[in-house]
Amino acid sequence: IRLDDGPGFPGAKITPHYDSLLVKITAKAKERDQAAKKLSRALKEFRVRGVTTNKSFLLNVLEHPDFRDKTVTTSFIAENPDLLAPSKSKDRAQKVLKMIAETTVNGPEASLGATGAPCSETDPIVPNLGPNRLRSCPSLRQIYLSSGPEAFAKAVRAKKSLLLTDTTWRDAHQSLLATRVRTTDLLKIAQPTSVALEDAYSIECWGGATFDVSMRFLRECPWDRLALLREKVPDVPFQMLLRGANAVGYTAYPDNAVFEFCDLAQKSGMDVFRVFDSLNYVENMRLGIDAVG
């Protein structure tokens with residue numbers, strides 16, 4: 001694809017007179033059909049706002065079977081008036097930018113349940129389990145922070161009692177409530193949870209679907225959730241679900257992105273990474289394990 005620029009810079013005044021060219025697109029390929037496909041893709045990826053263009057007309061021509069088959073004549077446009085029909089852009093990029101700007105300036109929309117009072121008129125009872133007790137021996141997380149992962153693993157193997165992982169803050173509401181429990185609700189129960197589960201192996205509270213649901217539906221920051229919960233529960237190991245090469249998304253990401261994500265998660269308070277792959281594909285799991293290690 002070659003682009004020859006006209007007066008298409010930001011702020012340019014485009015007149016309705018002759019040669020009001022924004023940009024000229026040229027495609028090259030061995031076959032006519034391939035060149036037309038290249039041009040169609042290039043035109044679809046253009047974003048022009050604030051001025052009328054002939055983009056939809058050009059797309060209609062390029063995608064017309066007669067044009068692709070080289071059977072057009074000088075009466076081609078007259079015989080196909082639908083070529084002049086304008087196409088309506090979904091303007092997705094502008095909508096995303098507007099949503100980001102609105103959220104940045106005005107905060108999350110209260111109608112989505114991300115802020116404000118709980119939807120239910122009945123307030124759940126938060127049990128009073130008293131303050132966190134002073135420990136006579138270091139917790140598993142204290143061992144991890146002071147002596148590293150090898151000492152943590154050794155302490156886990158040395159424990160004779162049953163080790164439990166509580167998944168209420170991750171898999172429980174992901175499975176039962178479509179991951180819609182808000183950060184504010186988790187924070188209300190965080191301190192009693194830290195008392196009740198002070199001897200647990202871990203609390204699974206992050207990863208899986210919690211990351212994208214926080215942003216897409218609750219309009220919250222999943223990193224803020226992790227940091228705030230870590231403040232409330234300082235001595236119990238936190239656990240997350242990592243989808244191997246998919247990290248916490250739904251597609252395979254570049255290796256360096258997964259490595260950087262795991263590094264930032266660990267620095268933000270994550271301790272135990274549970275790695276899996278939905279298809280049990282070993283190479284995807286291997287990437288996740290290497291990223292954690």
# chains A, B, ... in the order shown; residues from 1 in each chain; ligands from 1
$ residues_around --residues "Pro127 (chain A)" --least-positions-apart "4" --cutoff "12 Å" --atoms "only C-alpha atoms" --output "PyMOL selection string"
chain A and resi 131+188-196
$ write_last_selection --atoms "C-alpha atoms" --output "JSON list (two decimals), in the first residue's frame"
[["chain", "number", "residue", "atom", "x", "y", "z"],
["A", 131, "PRO", "CA", -8.84, -7.91, 65.52],
["A", 188, "LYS", "CA", -16.35, -4.76, 53.65],
["A", 189, "ILE", "CA", -15.68, -8.43, 54.43],
["A", 190, "ALA", "CA", -11.89, -8.32, 54.00],
["A", 191, "GLN", "CA", -10.86, -7.83, 57.64],
["A", 192, "PRO", "CA", -13.10, -10.61, 59.06],
["A", 193, "THR", "CA", -11.90, -12.84, 56.23],
["A", 194, "SER", "CA", -8.27, -12.23, 57.19],
["A", 195, "VAL", "CA", -9.11, -13.34, 60.74],
["A", 196, "ALA", "CA", -11.14, -16.41, 59.76]]
$ residues_around --residues "Val258 (chain A)" --least-positions-apart "4" --cutoff "7 Å" --atoms "only C-alpha atoms" --output "PyMOL selection string"
chain A and resi 245+247+253-254+262+291
$ atom_distance --atom1 "CA of Ala12 (chain A)" --atom2 "CA of Ala27 (chain A)"
25.6 Å
$ select_by_dssp --residues "region 50-168 of chain A" --states "alpha helix (DSSP H)" --output "PyMOL selection string"
chain A and resi 55-62+65-68+76-79+92-106+140-147+149-158
$ closest_residue --among "A:Ser139, A:Ser89, A:Asn80, A:Gln239" --to "Phe67 (chain A)" --atoms "only C-alpha atoms"
A:Asn80
$ closest_atom_pairs --of "region 99-202 of chain A" --to "region 273-283 of chain A" --cutoff "12 Å" --atoms "only C-alpha atoms" --output "CSV"
residue,atom,partner,partner_atom,distance
A:Pro149,CA,A:Phe273,CA,11.9
A:Thr165,CA,A:Arg274,CA,11.4
A:Ser202,CA,A:Phe273,CA,10.5
$ write_last_selection --atoms "C-alpha atoms" --output "compact mmCIF listing (two decimals), in the first residue's frame"
# COMPACT_ATOMS: atom_id res chain seq x y z
CA PRO A 149 9.55 -18.86 47.37
CA THR A 165 -7.63 -22.38 49.57
CA SER A 202 -4.26 -18.97 50.18
$ atom_distance --atom1 "CA of Asp91 (chain A)" --atom2 "CA of Arg216 (chain A)"
18.7 Å
$ select_by_dssp --residues "region 68-239 of chain A" --states "strand (DSSP E or B)" --output "list of chain:residue names"
A:Thr165, A:Asp166, A:Ser202, A:Ile203, A:Glu204, A:Cys205, A:Trp206, A:Gly207, A:Phe238, A:Gln239
$ write_last_selection --atoms "N, CA, C and O atoms" --output "PDB file, in the first residue's frame"
ATOM      1  N   THR A 165      -7.576 -23.550  50.433  1.00  0.00           N
ATOM      2  CA  THR A 165      -7.629 -22.375  49.567  1.00  0.00           C
ATOM      3  C   THR A 165      -9.083 -21.937  49.476  1.00  0.00           C
ATOM      4  O   THR A 165      -9.950 -22.732  49.091  1.00  0.00           O
ATOM      5  N   ASP A 166      -9.352 -20.697  49.836  1.00  0.00           N
ATOM      6  CA  ASP A 166     -10.716 -20.162  49.769  1.00  0.00           C
ATOM      7  C   ASP A 166     -10.874 -19.424  48.447  1.00  0.00           C
ATOM      8  O   ASP A 166     -10.067 -18.554  48.108  1.00  0.00           O
ATOM      9  N   SER A 202      -4.141 -20.144  51.050  1.00  0.00           N
ATOM     10  CA  SER A 202      -4.263 -18.966  50.179  1.00  0.00           C
ATOM     11  C   SER A 202      -5.715 -18.541  50.054  1.00  0.00           C
ATOM     12  O   SER A 202      -6.636 -19.298  50.369  1.00  0.00           O
ATOM     13  N   ILE A 203      -5.881 -17.308  49.578  1.00  0.00           N
ATOM     14  CA  ILE A 203      -7.198 -16.776  49.193  1.00  0.00           C
ATOM     15  C   ILE A 203      -7.124 -16.464  47.708  1.00  0.00           C
ATOM     16  O   ILE A 203      -6.349 -15.610  47.282  1.00  0.00           O
ATOM     17  N   GLU A 204      -7.908 -17.187  46.912  1.00  0.00           N
ATOM     18  CA  GLU A 204      -7.922 -16.909  45.467  1.00  0.00           C
ATOM     19  C   GLU A 204      -8.861 -15.735  45.215  1.00  0.00           C
ATOM     20  O   GLU A 204     -10.062 -15.823  45.452  1.00  0.00           O
ATOM     21  N   CYS A 205      -8.307 -14.637  44.749  1.00  0.00           N
ATOM     22  CA  CYS A 205      -9.083 -13.396  44.682  1.00  0.00           C
ATOM     23  C   CYS A 205      -8.919 -12.643  43.365  1.00  0.00           C
ATOM     24  O   CYS A 205      -9.467 -11.553  43.214  1.00  0.00           O
ATOM     25  N   TRP A 206      -8.185 -13.190  42.424  1.00  0.00           N
ATOM     26  CA  TRP A 206      -7.842 -12.408  41.225  1.00  0.00           C
ATOM     27  C   TRP A 206      -7.655 -13.349  40.050  1.00  0.00           C
ATOM     28  O   TRP A 206      -7.587 -14.557  40.194  1.00  0.00           O
ATOM     29  N   GLY A 207      -7.532 -12.775  38.859  1.00  0.00           N
ATOM     30  CA  GLY A 207      -7.324 -13.575  37.655  1.00  0.00           C
ATOM     31  C   GLY A 207      -8.627 -14.147  37.136  1.00  0.00           C
ATOM     32  O   GLY A 207      -9.727 -13.757  37.550  1.00  0.00           O
ATOM     33  N   PHE A 238      -2.131 -14.478  48.687  1.00  0.00           N
ATOM     34  CA  PHE A 238      -3.143 -14.277  47.647  1.00  0.00           C
ATOM     35  C   PHE A 238      -2.813 -15.192  46.470  1.00  0.00           C
ATOM     36  O   PHE A 238      -1.652 -15.399  46.118  1.00  0.00           O
ATOM     37  N   GLN A 239      -3.862 -15.705  45.840  1.00  0.00           N
ATOM     38  CA  GLN A 239      -3.709 -16.621  44.716  1.00  0.00           C
ATOM     39  C   GLN A 239      -4.524 -16.116  43.537  1.00  0.00           C
ATOM     40  O   GLN A 239      -5.598 -15.550  43.706  1.00  0.00           O
TER      41      GLN A 239
END
$ residues_around --residues "His173 (chain A)" --least-positions-apart "3" --cutoff "12 Å" --atoms "only C-alpha atoms" --output "JSON, numbers by chain"
{"A": [166, 167, 168, 169, 170, 176, 177, 178, 179, 180, 181, 182, 185, 186, 204, 205, 206, 208, 209, 210, 213]}
$ write_last_selection --atoms "N, CA, C and O atoms" --output "mmCIF file, in the first residue's frame"
data_model
loop_
_atom_site.group_PDB
_atom_site.id
_atom_site.type_symbol
_atom_site.label_atom_id
_atom_site.label_comp_id
_atom_site.auth_asym_id
_atom_site.auth_seq_id
_atom_site.Cartn_x
_atom_site.Cartn_y
_atom_site.Cartn_z
ATOM 1 N N ASP A 166 -9.352 -20.697 49.836
ATOM 2 C CA ASP A 166 -10.716 -20.162 49.769
ATOM 3 C C ASP A 166 -10.874 -19.424 48.447
ATOM 4 O O ASP A 166 -10.067 -18.554 48.108
ATOM 5 N N THR A 167 -11.913 -19.749 47.685
ATOM 6 C CA THR A 167 -12.111 -19.158 46.350
ATOM 7 C C THR A 167 -13.305 -18.210 46.280
ATOM 8 O O THR A 167 -13.764 -17.872 45.193
ATOM 9 N N THR A 168 -13.805 -17.792 47.442
ATOM 10 C CA THR A 168 -15.005 -16.938 47.461
ATOM 11 C C THR A 168 -14.822 -15.676 46.630
ATOM 12 O O THR A 168 -15.736 -15.249 45.915
ATOM 13 N N TRP A 169 -13.662 -15.070 46.702
ATOM 14 C CA TRP A 169 -13.438 -13.781 46.041
ATOM 15 C C TRP A 169 -13.109 -13.903 44.557
ATOM 16 O O TRP A 169 -12.899 -12.910 43.890
ATOM 17 N N ARG A 170 -13.036 -15.137 44.052
ATOM 18 C CA ARG A 170 -12.738 -15.313 42.634
ATOM 19 C C ARG A 170 -13.703 -16.306 41.998
ATOM 20 O O ARG A 170 -14.685 -15.931 41.400
ATOM 21 N N LEU A 176 -21.169 -18.315 40.282
ATOM 22 C CA LEU A 176 -22.550 -18.146 40.744
ATOM 23 C C LEU A 176 -23.156 -16.794 40.375
ATOM 24 O O LEU A 176 -24.371 -16.686 40.213
ATOM 25 N N LEU A 177 -22.318 -15.756 40.267
ATOM 26 C CA LEU A 177 -22.841 -14.395 40.076
ATOM 27 C C LEU A 177 -22.217 -13.691 38.875
ATOM 28 O O LEU A 177 -22.200 -12.461 38.815
ATOM 29 N N ALA A 178 -21.693 -14.457 37.925
ATOM 30 C CA ALA A 178 -21.083 -13.886 36.719
ATOM 31 C C ALA A 178 -19.996 -12.868 37.055
ATOM 32 O O ALA A 178 -19.806 -11.882 36.355
ATOM 33 N N THR A 179 -19.293 -13.091 38.164
ATOM 34 C CA THR A 179 -18.139 -12.269 38.582
ATOM 35 C C THR A 179 -18.538 -10.825 38.860
ATOM 36 O O THR A 179 -17.744 -9.908 38.663
ATOM 37 N N ARG A 180 -19.777 -10.612 39.337
ATOM 38 C CA ARG A 180 -20.260 -9.233 39.479
ATOM 39 C C ARG A 180 -20.082 -8.654 40.891
ATOM 40 O O ARG A 180 -20.585 -7.564 41.164
ATOM 41 N N VAL A 181 -19.421 -9.347 41.806
ATOM 42 C CA VAL A 181 -19.208 -8.777 43.136
ATOM 43 C C VAL A 181 -18.202 -7.638 43.029
ATOM 44 O O VAL A 181 -17.126 -7.779 42.451
ATOM 45 N N ARG A 182 -18.564 -6.484 43.594
ATOM 46 C CA ARG A 182 -17.754 -5.275 43.454
ATOM 47 C C ARG A 182 -16.623 -5.223 44.473
ATOM 48 O O ARG A 182 -16.650 -5.897 45.498
ATOM 49 N N ASP A 185 -17.713 -4.241 48.000
ATOM 50 C CA ASP A 185 -18.328 -5.302 48.792
ATOM 51 C C ASP A 185 -17.265 -6.262 49.338
ATOM 52 O O ASP A 185 -17.392 -6.768 50.461
ATOM 53 N N LEU A 186 -16.227 -6.522 48.555
ATOM 54 C CA LEU A 186 -15.140 -7.375 49.027
ATOM 55 C C LEU A 186 -14.391 -6.713 50.173
ATOM 56 O O LEU A 186 -13.983 -7.378 51.137
ATOM 57 N N GLU A 204 -7.908 -17.187 46.912
ATOM 58 C CA GLU A 204 -7.922 -16.909 45.467
ATOM 59 C C GLU A 204 -8.861 -15.735 45.215
ATOM 60 O O GLU A 204 -10.062 -15.823 45.452
ATOM 61 N N CYS A 205 -8.307 -14.637 44.749
ATOM 62 C CA CYS A 205 -9.083 -13.396 44.682
ATOM 63 C C CYS A 205 -8.919 -12.643 43.365
ATOM 64 O O CYS A 205 -9.467 -11.553 43.214
ATOM 65 N N TRP A 206 -8.185 -13.190 42.424
ATOM 66 C CA TRP A 206 -7.842 -12.408 41.225
ATOM 67 C C TRP A 206 -7.655 -13.349 40.050
ATOM 68 O O TRP A 206 -7.587 -14.557 40.194
ATOM 69 N N GLY A 208 -8.527 -15.104 36.221
ATOM 70 C CA GLY A 208 -9.727 -15.646 35.607
ATOM 71 C C GLY A 208 -10.516 -14.543 34.928
ATOM 72 O O GLY A 208 -9.967 -13.697 34.233
ATOM 73 N N ALA A 209 -11.826 -14.529 35.167
ATOM 74 C CA ALA A 209 -12.684 -13.515 34.547
ATOM 75 C C ALA A 209 -12.763 -12.230 35.364
ATOM 76 O O ALA A 209 -13.347 -11.248 34.893
ATOM 77 N N THR A 210 -12.188 -12.220 36.586
ATOM 78 C CA THR A 210 -12.340 -11.026 37.426
ATOM 79 C C THR A 210 -11.698 -9.799 36.781
ATOM 80 O O THR A 210 -12.155 -8.681 36.985
ATOM 81 N N VAL A 213 -14.007 -8.485 33.720
ATOM 82 C CA VAL A 213 -15.329 -8.079 34.208
ATOM 83 C C VAL A 213 -15.234 -6.792 35.026
ATOM 84 O O VAL A 213 -16.115 -5.932 34.957
#
$ decode --residues "region 128-148 of chain A" --atoms "C-alpha atoms" --output "mmCIF file, in the first residue's frame"
data_model
loop_
_atom_site.group_PDB
_atom_site.id
_atom_site.type_symbol
_atom_site.label_atom_id
_atom_site.label_comp_id
_atom_site.auth_asym_id
_atom_site.auth_seq_id
_atom_site.Cartn_x
_atom_site.Cartn_y
_atom_site.Cartn_z
ATOM 1 C CA ASN A 128 -17.306 -9.282 64.059
ATOM 2 C CA LEU A 129 -14.414 -11.675 64.587
ATOM 3 C CA GLY A 130 -12.264 -9.214 66.467
ATOM 4 C CA PRO A 131 -8.836 -7.913 65.517
ATOM 5 C CA ASN A 132 -6.098 -9.985 63.899
ATOM 6 C CA ARG A 133 -4.274 -11.903 66.613
ATOM 7 C CA LEU A 134 -0.576 -11.600 67.281
ATOM 8 C CA ARG A 135 1.098 -14.666 65.842
ATOM 9 C CA SER A 136 3.667 -16.690 67.761
ATOM 10 C CA CYS A 137 5.175 -17.955 64.486
ATOM 11 C CA PRO A 138 5.339 -16.310 61.051
ATOM 12 C CA SER A 139 2.519 -16.889 58.575
ATOM 13 C CA LEU A 140 3.120 -18.485 55.192
ATOM 14 C CA ARG A 141 3.089 -15.082 53.527
ATOM 15 C CA GLN A 142 5.544 -13.652 56.041
ATOM 16 C CA ILE A 143 7.859 -16.569 55.271
ATOM 17 C CA TYR A 144 7.462 -15.891 51.549
ATOM 18 C CA LEU A 145 8.233 -12.171 51.928
ATOM 19 C CA SER A 146 11.193 -12.618 54.226
ATOM 20 C CA SER A 147 12.809 -15.785 52.859
ATOM 21 C CA GLY A 148 11.543 -16.241 49.309
#
